[in-house]
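**Q** data.cif is the file, holding mmCIF, C-alpha atoms:
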```cif
data_work
#
loop_
_atom_site.label_atom_id
_atom_site.label_comp_id
_atom_site.auth_asym_id
_atom_site.auth_seq_id
_atom_site.Cartn_x
_atom_site.Cartn_y
_atom_site.Cartn_z
CA MET A 1 -25.19 224.42 39.84
CA ILE A 2 -28.06 226.84 40.34
CA ILE A 3 -30.35 226.44 43.36
CA ARG A 4 -33.71 228.20 43.57
CA GLN A 5 -36.08 228.73 46.48
CA GLY A 6 -39.56 230.21 46.43
CA ASN A 7 -40.19 229.65 42.72
CA THR A 8 -43.46 231.44 41.91
CA GLY A 9 -43.32 230.41 38.24
CA ARG A 10 -42.52 234.05 37.45
CA LEU A 11 -39.43 234.52 39.63
CA SER A 12 -37.38 232.89 42.35
CA ARG A 13 -37.39 234.54 45.78
CA VAL A 14 -33.79 233.32 46.21
CA LEU A 15 -31.35 232.00 43.62
CA VAL A 16 -27.86 230.73 44.47
CA ALA A 17 -25.17 230.48 41.79
CA ASN A 18 -21.36 230.69 41.74
CA GLY A 19 -21.01 231.67 45.37
CA PHE A 20 -23.70 234.32 45.50
CA ALA A 21 -27.33 234.36 46.66
CA PHE A 22 -29.52 236.71 44.65
CA LEU A 23 -32.80 237.80 46.25
CA SER A 24 -35.79 239.17 44.41
CA GLY A 25 -36.92 242.63 45.45
CA VAL A 26 -38.67 242.33 48.81
CA THR A 27 -41.67 244.46 49.82
CA ALA A 28 -43.58 244.57 53.10
CA ARG A 29 -46.32 242.04 53.83
CA ASP A 30 -48.40 244.76 55.50
CA THR A 31 -48.32 247.83 53.27
CA THR A 32 -50.78 249.79 55.41
CA ARG A 33 -47.86 250.68 57.69
CA GLY A 34 -45.34 253.50 57.41
CA VAL A 35 -41.85 253.50 55.93
CA ARG A 36 -40.08 252.45 59.13
CA GLU A 37 -42.46 249.56 59.75
CA GLN A 38 -42.38 248.45 56.10
CA THR A 39 -38.56 248.50 56.19
CA GLU A 40 -38.49 246.44 59.40
CA ASP A 41 -40.84 243.91 57.81
CA ILE A 42 -38.70 243.72 54.68
CA LEU A 43 -35.47 243.26 56.62
CA ALA A 44 -37.01 240.43 58.66
CA GLN A 45 -37.91 238.74 55.39
CA VAL A 46 -34.38 239.30 54.08
CA ASP A 47 -32.99 237.59 57.20
CA SER A 48 -35.26 234.64 56.55
CA TYR A 49 -34.35 234.36 52.86
CA LEU A 50 -30.63 234.61 53.65
CA LYS A 51 -30.92 231.93 56.34
CA ALA A 52 -32.57 229.63 53.82
CA ALA A 53 -29.59 230.21 51.52
CA GLY A 54 -27.09 229.44 54.28
CA ALA A 55 -26.05 233.06 54.74
CA ASP A 56 -26.90 235.96 57.05
CA LYS A 57 -26.89 239.76 56.96
CA SER A 58 -23.15 239.94 57.68
CA ARG A 59 -22.55 238.37 54.26
CA ILE A 60 -24.62 240.76 52.12
CA ALA A 61 -22.40 242.13 49.36
CA VAL A 62 -24.73 244.79 48.03
CA ALA A 63 -28.21 246.13 48.78
CA ASN A 64 -30.37 248.24 46.48
CA ILE A 65 -33.15 250.22 48.09
CA TRP A 66 -36.04 251.96 46.33
CA LEU A 67 -38.21 254.46 48.17
CA ARG A 68 -41.52 255.69 46.82
CA ASP A 69 -40.58 259.08 48.28
CA ILE A 70 -36.89 259.84 48.72
CA ASP A 71 -37.84 262.27 51.50
CA THR A 72 -38.42 259.18 53.66
CA PHE A 73 -34.69 258.36 53.46
CA ASP A 74 -34.11 259.04 57.18
CA GLU A 75 -37.16 257.03 58.20
CA MET A 76 -35.94 254.02 56.20
CA ASN A 77 -32.48 254.44 57.71
CA ASN A 78 -33.91 254.33 61.24
CA ALA A 79 -34.94 250.76 60.58
CA TRP A 80 -31.82 249.95 58.54
CA ASP A 81 -29.40 251.26 61.15
CA ALA A 82 -31.10 249.27 63.91
CA TRP A 83 -30.80 246.12 61.82
CA VAL A 84 -27.54 246.25 59.89
CA ASP A 85 -24.40 244.52 61.20
CA LYS A 86 -22.35 247.66 61.91
CA GLU A 87 -19.08 245.72 61.68
CA CYS A 88 -20.05 244.11 58.38
CA PRO A 89 -22.34 246.37 56.34
CA PRO A 90 -22.86 245.84 52.59
CA ALA A 91 -22.31 248.23 49.74
CA ARG A 92 -25.62 250.05 49.17
CA ALA A 93 -27.48 252.47 46.90
CA THR A 94 -30.83 254.14 47.55
CA VAL A 95 -32.98 255.89 44.93
CA GLU A 96 -36.60 256.94 44.44
CA SER A 97 -39.03 254.92 42.33
CA HIS A 98 -42.72 254.31 42.28
CA LEU A 99 -43.24 250.63 43.05
CA ALA A 100 -45.80 248.01 42.05
CA GLY A 101 -48.62 249.38 44.23
CA GLU A 102 -49.30 252.87 45.62
CA ASP A 103 -49.00 251.67 49.20
CA ILE A 104 -45.61 250.01 48.66
CA LEU A 105 -43.27 252.59 50.18
CA VAL A 106 -40.02 250.59 50.19
CA GLU A 107 -38.45 247.77 48.19
CA ILE A 108 -35.08 246.18 48.96
CA GLN A 109 -33.03 243.76 46.85
CA VAL A 110 -29.83 242.14 48.10
CA GLN A 111 -27.03 239.93 46.87
CA ALA A 112 -24.99 237.97 49.43
CA ALA A 113 -21.82 235.89 49.38
CA VAL A 114 -22.59 232.29 50.37
CA MET B 1 -10.26 236.91 32.08
CA ILE B 2 -12.93 239.38 30.99
CA ILE B 3 -14.71 238.85 27.67
CA ARG B 4 -16.77 241.58 26.03
CA GLN B 5 -19.24 241.48 23.15
CA GLY B 6 -20.94 244.36 21.41
CA ASN B 7 -18.46 247.02 22.51
CA THR B 8 -19.95 250.36 21.46
CA GLY B 9 -16.99 252.33 22.84
CA ARG B 10 -19.31 253.51 25.62
CA LEU B 11 -20.46 250.15 26.98
CA SER B 12 -20.40 246.43 26.30
CA ARG B 13 -23.69 244.76 25.43
CA VAL B 14 -22.40 241.61 27.18
CA LEU B 15 -19.48 241.20 29.56
CA VAL B 16 -18.40 237.85 31.01
CA ALA B 17 -16.22 237.68 34.15
CA ASN B 18 -15.76 235.20 37.00
CA GLY B 19 -18.59 232.91 35.94
CA PHE B 20 -21.23 235.55 35.26
CA ALA B 21 -22.49 237.27 32.11
CA PHE B 22 -23.55 240.88 32.70
CA LEU B 23 -25.86 242.44 30.10
CA SER B 24 -26.37 246.13 29.53
CA GLY B 25 -29.91 247.38 29.93
CA VAL B 26 -31.90 246.28 26.87
CA THR B 27 -34.64 248.40 25.27
CA ALA B 28 -36.93 247.59 22.35
CA ARG B 29 -35.75 248.14 18.79
CA ASP B 30 -39.22 249.39 17.83
CA THR B 31 -40.38 251.82 20.49
CA THR B 32 -43.57 252.76 18.64
CA ARG B 33 -45.14 249.58 20.04
CA GLY B 34 -46.85 249.00 23.39
CA VAL B 35 -45.45 247.59 26.62
CA ARG B 36 -46.18 243.95 25.79
CA GLU B 37 -44.59 244.18 22.35
CA GLN B 38 -41.59 246.12 23.64
CA THR B 39 -41.08 243.49 26.37
CA GLU B 40 -41.27 240.66 23.81
CA ASP B 41 -38.70 242.44 21.66
CA ILE B 42 -36.39 242.96 24.65
CA LEU B 43 -36.64 239.34 25.78
CA ALA B 44 -35.80 238.11 22.27
CA GLN B 45 -32.68 240.27 22.39
CA VAL B 46 -31.83 238.92 25.85
CA ASP B 47 -32.05 235.38 24.44
CA SER B 48 -29.66 236.34 21.70
CA TYR B 49 -27.16 238.03 24.02
CA LEU B 50 -27.25 235.07 26.41
CA LYS B 51 -26.69 232.61 23.57
CA ALA B 52 -23.65 234.60 22.48
CA ALA B 53 -22.32 234.27 26.04
CA GLY B 54 -22.91 230.50 26.09
CA ALA B 55 -25.92 230.73 28.40
CA ASP B 56 -29.70 230.77 28.08
CA LYS B 57 -32.70 232.10 30.02
CA SER B 58 -32.67 229.14 32.43
CA ARG B 59 -29.35 230.43 33.76
CA ILE B 60 -30.35 234.03 34.52
CA ALA B 61 -29.50 234.79 38.15
CA VAL B 62 -31.24 238.14 38.45
CA ALA B 63 -33.29 240.45 36.25
CA ASN B 64 -33.98 244.14 36.89
CA ILE B 65 -36.94 245.66 35.09
CA TRP B 66 -37.76 249.34 34.75
CA LEU B 67 -41.17 250.47 33.52
CA ARG B 68 -41.88 254.03 32.43
CA ASP B 69 -45.30 253.57 34.06
CA ILE B 70 -45.58 251.02 36.87
CA ASP B 71 -49.27 250.68 36.01
CA THR B 72 -48.15 248.63 33.00
CA PHE B 73 -46.79 245.93 35.36
CA ASP B 74 -49.40 243.37 34.27
CA GLU B 75 -48.86 244.09 30.59
CA MET B 76 -45.10 243.55 30.97
CA ASN B 77 -45.75 240.36 32.91
CA ASN B 78 -47.93 239.00 30.09
CA ALA B 79 -44.84 238.92 27.90
CA TRP B 80 -42.53 237.85 30.74
CA ASP B 81 -44.73 234.95 31.84
CA ALA B 82 -44.99 233.64 28.27
CA TRP B 83 -41.20 233.74 27.96
CA VAL B 84 -39.69 232.80 31.31
CA ASP B 85 -38.57 229.25 32.05
CA LYS B 86 -41.17 228.44 34.71
CA GLU B 87 -38.97 225.73 36.22
CA CYS B 88 -35.94 227.99 36.34
CA PRO B 89 -36.92 231.64 36.84
CA PRO B 90 -34.41 234.24 38.05
CA ALA B 91 -34.61 236.55 41.05
CA ARG B 92 -36.24 239.78 39.87
CA ALA B 93 -37.17 243.32 40.85
CA THR B 94 -39.41 245.75 38.95
CA VAL B 95 -39.63 249.49 39.57
CA GLU B 96 -40.75 252.64 37.75
CA SER B 97 -38.29 254.99 36.04
CA HIS B 98 -38.35 257.33 33.13
CA LEU B 99 -35.93 255.95 30.54
CA ALA B 100 -33.66 257.46 27.91
CA GLY B 101 -36.46 258.41 25.50
CA GLU B 102 -40.15 259.15 26.06
CA ASP B 103 -41.20 256.21 23.91
CA ILE B 104 -39.04 253.70 25.78
CA LEU B 105 -41.61 251.99 27.99
CA VAL B 106 -39.51 249.10 29.31
CA GLU B 107 -35.85 248.37 30.02
CA ILE B 108 -34.49 245.04 31.27
CA GLN B 109 -31.03 244.20 32.58
CA VAL B 110 -29.95 240.66 33.47
CA GLN B 111 -27.02 238.81 34.97
CA ALA B 112 -26.62 235.11 34.20
CA ALA B 113 -24.42 232.28 35.48
CA VAL B 114 -22.23 230.94 32.66
CA MET C 1 -13.48 236.02 52.78
CA ILE C 2 -15.21 239.37 52.60
CA ILE C 3 -13.14 242.57 52.70
CA ARG C 4 -14.72 245.96 53.39
CA GLN C 5 -13.35 249.48 52.99
CA GLY C 6 -14.95 252.74 54.05
CA ASN C 7 -17.29 251.22 56.62
CA THR C 8 -19.60 254.04 57.74
CA GLY C 9 -21.51 251.79 60.15
CA ARG C 10 -24.43 251.96 57.71
CA LEU C 11 -22.72 250.73 54.54
CA SER C 12 -19.32 249.88 53.07
CA ARG C 13 -18.00 252.12 50.32
CA VAL C 14 -16.30 249.05 48.80
CA LEU C 15 -16.88 245.37 49.53
CA VAL C 16 -14.86 242.56 47.93
CA ALA C 17 -16.19 239.00 47.86
CA ASN C 18 -15.78 235.99 45.56
CA GLY C 19 -13.77 237.83 42.92
CA PHE C 20 -15.92 240.95 42.68
CA ALA C 21 -15.69 244.43 44.17
CA PHE C 22 -19.07 246.01 44.91
CA LEU C 23 -19.19 249.78 45.32
CA SER C 24 -21.89 251.73 47.06
CA GLY C 25 -23.68 254.31 44.94
CA VAL C 26 -21.34 257.28 44.48
CA THR C 27 -22.55 260.89 44.35
CA ALA C 28 -20.56 264.08 43.76
CA ARG C 29 -18.73 265.78 46.63
CA ASP C 30 -19.73 269.19 45.23
CA THR C 31 -23.39 269.07 44.30
CA THR C 32 -23.59 272.76 43.38
CA ARG C 33 -22.09 271.85 40.00
CA GLY C 34 -23.83 270.64 36.84
CA VAL C 35 -24.34 267.11 35.55
CA ARG C 36 -21.06 266.93 33.64
CA GLU C 37 -19.02 268.15 36.59
CA GLN C 38 -20.86 265.91 39.06
CA THR C 39 -20.23 262.92 36.78
CA GLU C 40 -16.52 263.76 36.50
CA ASP C 41 -16.30 264.01 40.28
CA ILE C 42 -18.09 260.67 40.71
CA LEU C 43 -15.88 258.88 38.19
CA ALA C 44 -12.73 260.17 39.91
CA GLN C 45 -14.05 258.70 43.15
CA VAL C 46 -14.84 255.42 41.39
CA ASP C 47 -11.22 255.29 40.17
CA SER C 48 -10.04 255.78 43.71
CA TYR C 49 -12.34 253.14 45.18
CA LEU C 50 -11.37 250.64 42.49
CA LYS C 51 -7.67 251.28 43.07
CA ALA C 52 -8.17 250.60 46.79
CA ALA C 53 -9.73 247.26 45.81
CA GLY C 54 -6.84 246.36 43.49
CA ALA C 55 -8.83 246.98 40.31
CA ASP C 56 -9.27 249.78 37.78
CA LYS C 57 -11.92 251.01 35.35
CA SER C 58 -10.93 248.42 32.71
CA ARG C 59 -12.23 245.73 35.07
CA ILE C 60 -15.71 247.13 35.76
CA ALA C 61 -18.27 244.44 34.96
CA VAL C 62 -21.40 246.56 35.22
CA ALA C 63 -22.32 250.17 35.99
CA ASN C 64 -25.75 251.46 37.00
CA ILE C 65 -26.38 255.15 36.52
CA TRP C 66 -29.25 257.18 37.93
CA LEU C 67 -29.98 260.67 36.65
CA ARG C 68 -32.30 263.07 38.44
CA ASP C 69 -33.41 264.18 34.97
CA ILE C 70 -33.04 261.69 32.11
CA ASP C 71 -32.84 264.64 29.71
CA THR C 72 -29.28 265.14 31.00
CA PHE C 73 -28.30 261.78 29.48
CA ASP C 74 -26.02 263.39 26.88
CA GLU C 75 -24.38 265.66 29.43
CA MET C 76 -23.58 262.69 31.67
CA ASN C 77 -22.25 260.80 28.66
CA ASN C 78 -19.87 263.65 27.82
CA ALA C 79 -18.05 262.95 31.06
CA TRP C 80 -18.49 259.16 30.79
CA ASP C 81 -17.14 258.97 27.24
CA ALA C 82 -14.06 261.02 28.17
CA TRP C 83 -13.37 258.68 31.08
CA VAL C 84 -14.33 255.16 30.04
CA ASP C 85 -11.73 252.72 28.71
CA LYS C 86 -13.03 252.48 25.14
CA GLU C 87 -11.37 249.08 24.62
CA CYS C 88 -12.77 247.70 27.87
CA PRO C 89 -16.14 249.29 28.73
CA PRO C 90 -18.54 247.68 31.22
CA ALA C 91 -22.14 246.63 30.73
CA ARG C 92 -24.30 249.60 31.76
CA ALA C 93 -27.86 250.78 32.36
CA THR C 94 -29.06 254.35 32.91
CA VAL C 95 -32.46 255.37 34.28
CA GLU C 96 -34.09 258.37 35.95
CA SER C 97 -34.61 258.60 39.70
CA HIS C 98 -34.81 261.32 42.26
CA LEU C 99 -31.82 260.89 44.57
CA ALA C 100 -31.15 261.57 48.27
CA GLY C 101 -30.96 265.37 47.89
CA GLU C 102 -32.46 267.77 45.35
CA ASP C 103 -29.03 268.89 44.19
CA ILE C 104 -27.76 265.35 43.59
CA LEU C 105 -28.07 265.09 39.81
CA VAL C 106 -26.19 261.82 39.21
CA GLU C 107 -25.45 258.62 41.13
CA ILE C 108 -23.30 255.76 39.84
CA GLN C 109 -22.84 252.27 41.27
CA VAL C 110 -20.34 249.77 39.85
CA GLN C 111 -19.27 246.18 40.27
CA ALA C 112 -15.80 245.16 39.12
CA ALA C 113 -13.92 241.89 38.68
CA VAL C 114 -10.89 241.78 40.96
#
```
Go ahead and render the structure in this file as structure tokens.

**A**
Amino acid sequence: MIIRQGNTGRLSRVLVANGFAFLSGVTARDTTRGVREQTEDILAQVDSYLKAAGADKSRIAVANIWLRDIDTFDEMNNAWDAWVDKECPPARATVESHLAGEDILVEIQVQAAV
Amino acid sequence: MIIRQGNTGRLSRVLVANGFAFLSGVTARDTTRGVREQTEDILAQVDSYLKAAGADKSRIAVANIWLRDIDTFDEMNNAWDAWVDKECPPARATVESHLAGEDILVEIQVQAAV
Amino acid sequence: MIIRQGNTGRLSRVLVANGFAFLSGVTARDTTRGVREQTEDILAQVDSYLKAAGADKSRIAVANIWLRDIDTFDEMNNAWDAWVDKECPPARATVESHLAGEDILVEIQVQAAV
């Protein structure tokens, strides 16, 4: 069985299948802010999406992070390190990509075990 | 058990394991065309690969889309929106990346529940 | 149950959940070398991480490869083709991205069935 939440007609914000929750790429609601603030906003949304799927950040299997400018790696990590469950962190990869809007500085996509 | 289809010796076009079908990144067969046409071509190939794995587009868990130019986001979405199962869309993330050929404007990779 | 190895407090080098091993993005230990050598170094690390998870390269479901310069695609593939199990290759996608350091020319992330 496949369960979807936040169906926009184009994508599902969360999709659960075969023991995993797949999230769509999350960007900040307020993209006038800097990298740290955008990351904090994204991670709060991730918490909310995971809760809706019956999971939490300690159950993230893998996170993919895109930065508009890879030189903001440390700034993103300031927010990440304050948020992540240090006993239970996911696998992760971070690369640079321009995103769907010049002011979108960070995008994060996660997959969790549910 | 792991099942592979379209083994090129370098990669498998489709690999099925533990209830999921993993597709390699798909690019258009005719890369002289524009973003919308390349996307349509890719999605037709995705349909075919999913059918071979015993699935269909309503069972895609997550799609990752790379655009050579993120400013073609709307043009890609024209083809996507005409194709996607609006009742059953996957999680999705779209970012910009140069791809393995200057004329490759779009690449799409999906994972489906089978 | 979720099993983690190589917990850095920020991420897990390997995370096993629901029949899959998820690896963090792997970069070369010696980034003064060229693309072929960096790829060889990365793939040796992937072997090691997979072994620690009770898997091996014949059980990789999907590999994502980022190249700092997509024009090095053939050079990366020289190392990949010499390493991959030609009977049992994974699904794969390769795109261009700047990575977390100017001298990091390749990054590879894999997910394997365990």

**Q** Running the PyMOL selection byres ((chain C and resi 13) around 6) on this model by hand, what would come out? Give it as a PyMOL selection string.

**A** (chain A and resi 91) or (chain C and resi 5-6+12+14+23-24)

**Q** For this structure, which residues satisfy the selection - the PyMOL selection byres ((chain C and resi 68-80) around 7) - when it is evaluated on the file as given? I want them as a list in words.

**A**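 So the PyMOL selection byres ((chain C and resi 68-80) around 7), applied here, picks out His98, Leu99 and Ala100 of chain B; Val35, Arg36, Thr39, Glu40, Trp66, Leu67, Asp81, Ala82, Trp83, Val84, Val95, Glu96, Ser97, His98, Leu99, Leu105 and Val106 of chain C.
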
**Q** To one decimal in Å, tell me the separation between CA of Gly54 (chain A) and CA of Ala112 (chain A).

**A**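 Result for CA of Gly54 (chain A) versus CA of Ala112 (chain A): 10.0 Å, one decimal.
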
**Q** Taking into account all atoms listed in the file, which residue in the set C:Asp41, C:Asp85, C:Glu102, C:Asp47 is nearest to chain A?

**A**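 The shortest atom-to-atom distance to chain A comes from C:Glu102.
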
**Q** How would chain C read as a JSON list (two decimals) with C-alpha atoms, in the frame of the given file once least-squares superposed on chain B using all paired C-alpha atoms?

**A**
```
[["chain", "number", "residue", "atom", "x", "y", "z"],
["C", 1, "MET", "CA", -10.26, 236.94, 32.08],
["C", 2, "ILE", "CA", -12.94, 239.36, 30.99],
["C", 3, "ILE", "CA", -14.72, 238.83, 27.66],
["C", 4, "ARG", "CA", -16.78, 241.58, 26.03],
["C", 5, "GLN", "CA", -19.25, 241.47, 23.15],
["C", 6, "GLY", "CA", -20.96, 244.38, 21.43],
["C", 7, "ASN", "CA", -18.45, 247.01, 22.50],
["C", 8, "THR", "CA", -19.93, 250.36, 21.45],
["C", 9, "GLY", "CA", -16.97, 252.33, 22.83],
["C", 10, "ARG", "CA", -19.29, 253.52, 25.61],
["C", 11, "LEU", "CA", -20.46, 250.16, 26.99],
["C", 12, "SER", "CA", -20.40, 246.43, 26.30],
["C", 13, "ARG", "CA", -23.69, 244.76, 25.43],
["C", 14, "VAL", "CA", -22.42, 241.61, 27.19],
["C", 15, "LEU", "CA", -19.48, 241.20, 29.56],
["C", 16, "VAL", "CA", -18.40, 237.84, 31.01],
["C", 17, "ALA", "CA", -16.23, 237.68, 34.13],
["C", 18, "ASN", "CA", -15.77, 235.20, 36.99],
["C", 19, "GLY", "CA", -18.60, 232.90, 35.93],
["C", 20, "PHE", "CA", -21.23, 235.55, 35.26],
["C", 21, "ALA", "CA", -22.49, 237.28, 32.13],
["C", 22, "PHE", "CA", -23.57, 240.88, 32.69],
["C", 23, "LEU", "CA", -25.86, 242.45, 30.10],
["C", 24, "SER", "CA", -26.36, 246.13, 29.54],
["C", 25, "GLY", "CA", -29.91, 247.39, 29.94],
["C", 26, "VAL", "CA", -31.90, 246.28, 26.88],
["C", 27, "THR", "CA", -34.64, 248.41, 25.29],
["C", 28, "ALA", "CA", -36.92, 247.59, 22.36],
["C", 29, "ARG", "CA", -35.74, 248.12, 18.78],
["C", 30, "ASP", "CA", -39.22, 249.38, 17.83],
["C", 31, "THR", "CA", -40.37, 251.81, 20.48],
["C", 32, "THR", "CA", -43.57, 252.76, 18.65],
["C", 33, "ARG", "CA", -45.14, 249.57, 20.04],
["C", 34, "GLY", "CA", -46.85, 249.00, 23.39],
["C", 35, "VAL", "CA", -45.45, 247.58, 26.62],
["C", 36, "ARG", "CA", -46.18, 243.94, 25.78],
["C", 37, "GLU", "CA", -44.58, 244.18, 22.35],
["C", 38, "GLN", "CA", -41.58, 246.12, 23.66],
["C", 39, "THR", "CA", -41.08, 243.48, 26.36],
["C", 40, "GLU", "CA", -41.27, 240.66, 23.81],
["C", 41, "ASP", "CA", -38.70, 242.44, 21.66],
["C", 42, "ILE", "CA", -36.40, 242.96, 24.65],
["C", 43, "LEU", "CA", -36.64, 239.34, 25.78],
["C", 44, "ALA", "CA", -35.79, 238.10, 22.27],
["C", 45, "GLN", "CA", -32.68, 240.27, 22.40],
["C", 46, "VAL", "CA", -31.83, 238.92, 25.85],
["C", 47, "ASP", "CA", -32.05, 235.38, 24.45],
["C", 48, "SER", "CA", -29.66, 236.35, 21.70],
["C", 49, "TYR", "CA", -27.17, 238.03, 24.03],
["C", 50, "LEU", "CA", -27.25, 235.08, 26.42],
["C", 51, "LYS", "CA", -26.69, 232.62, 23.58],
["C", 52, "ALA", "CA", -23.64, 234.63, 22.48],
["C", 53, "ALA", "CA", -22.31, 234.27, 26.03],
["C", 54, "GLY", "CA", -22.91, 230.50, 26.09],
["C", 55, "ALA", "CA", -25.92, 230.73, 28.40],
["C", 56, "ASP", "CA", -29.70, 230.77, 28.08],
["C", 57, "LYS", "CA", -32.70, 232.11, 30.01],
["C", 58, "SER", "CA", -32.67, 229.14, 32.42],
["C", 59, "ARG", "CA", -29.35, 230.44, 33.76],
["C", 60, "ILE", "CA", -30.35, 234.04, 34.52],
["C", 61, "ALA", "CA", -29.50, 234.79, 38.15],
["C", 62, "VAL", "CA", -31.24, 238.14, 38.45],
["C", 63, "ALA", "CA", -33.29, 240.47, 36.25],
["C", 64, "ASN", "CA", -33.98, 244.15, 36.90],
["C", 65, "ILE", "CA", -36.94, 245.66, 35.10],
["C", 66, "TRP", "CA", -37.76, 249.34, 34.74],
["C", 67, "LEU", "CA", -41.16, 250.47, 33.52],
["C", 68, "ARG", "CA", -41.88, 254.02, 32.42],
["C", 69, "ASP", "CA", -45.29, 253.57, 34.05],
["C", 70, "ILE", "CA", -45.58, 251.02, 36.87],
["C", 71, "ASP", "CA", -49.28, 250.66, 36.01],
["C", 72, "THR", "CA", -48.14, 248.62, 32.99],
["C", 73, "PHE", "CA", -46.79, 245.95, 35.36],
["C", 74, "ASP", "CA", -49.39, 243.38, 34.28],
["C", 75, "GLU", "CA", -48.85, 244.09, 30.60],
["C", 76, "MET", "CA", -45.10, 243.56, 30.96],
["C", 77, "ASN", "CA", -45.76, 240.37, 32.91],
["C", 78, "ASN", "CA", -47.93, 239.00, 30.09],
["C", 79, "ALA", "CA", -44.85, 238.92, 27.90],
["C", 80, "TRP", "CA", -42.53, 237.86, 30.75],
["C", 81, "ASP", "CA", -44.73, 234.95, 31.84],
["C", 82, "ALA", "CA", -44.98, 233.64, 28.27],
["C", 83, "TRP", "CA", -41.20, 233.74, 27.96],
["C", 84, "VAL", "CA", -39.70, 232.81, 31.32],
["C", 85, "ASP", "CA", -38.58, 229.24, 32.06],
["C", 86, "LYS", "CA", -41.18, 228.44, 34.72],
["C", 87, "GLU", "CA", -38.98, 225.70, 36.23],
["C", 88, "CYS", "CA", -35.93, 227.97, 36.34],
["C", 89, "PRO", "CA", -36.92, 231.63, 36.83],
["C", 90, "PRO", "CA", -34.42, 234.24, 38.04],
["C", 91, "ALA", "CA", -34.62, 236.53, 41.04],
["C", 92, "ARG", "CA", -36.24, 239.77, 39.85],
["C", 93, "ALA", "CA", -37.17, 243.32, 40.85],
["C", 94, "THR", "CA", -39.39, 245.75, 38.95],
["C", 95, "VAL", "CA", -39.64, 249.50, 39.57],
["C", 96, "GLU", "CA", -40.74, 252.64, 37.74],
["C", 97, "SER", "CA", -38.29, 254.99, 36.05],
["C", 98, "HIS", "CA", -38.34, 257.33, 33.13],
["C", 99, "LEU", "CA", -35.93, 255.94, 30.54],
["C", 100, "ALA", "CA", -33.64, 257.46, 27.89],
["C", 101, "GLY", "CA", -36.47, 258.40, 25.50],
["C", 102, "GLU", "CA", -40.15, 259.15, 26.05],
["C", 103, "ASP", "CA", -41.21, 256.21, 23.91],
["C", 104, "ILE", "CA", -39.03, 253.70, 25.78],
["C", 105, "LEU", "CA", -41.61, 251.99, 27.99],
["C", 106, "VAL", "CA", -39.52, 249.09, 29.32],
["C", 107, "GLU", "CA", -35.85, 248.37, 30.03],
["C", 108, "ILE", "CA", -34.49, 245.05, 31.29],
["C", 109, "GLN", "CA", -31.02, 244.21, 32.59],
["C", 110, "VAL", "CA", -29.95, 240.66, 33.47],
["C", 111, "GLN", "CA", -27.03, 238.80, 34.98],
["C", 112, "ALA", "CA", -26.62, 235.11, 34.20],
["C", 113, "ALA", "CA", -24.42, 232.29, 35.46],
["C", 114, "VAL", "CA", -22.24, 230.95, 32.66]]
```
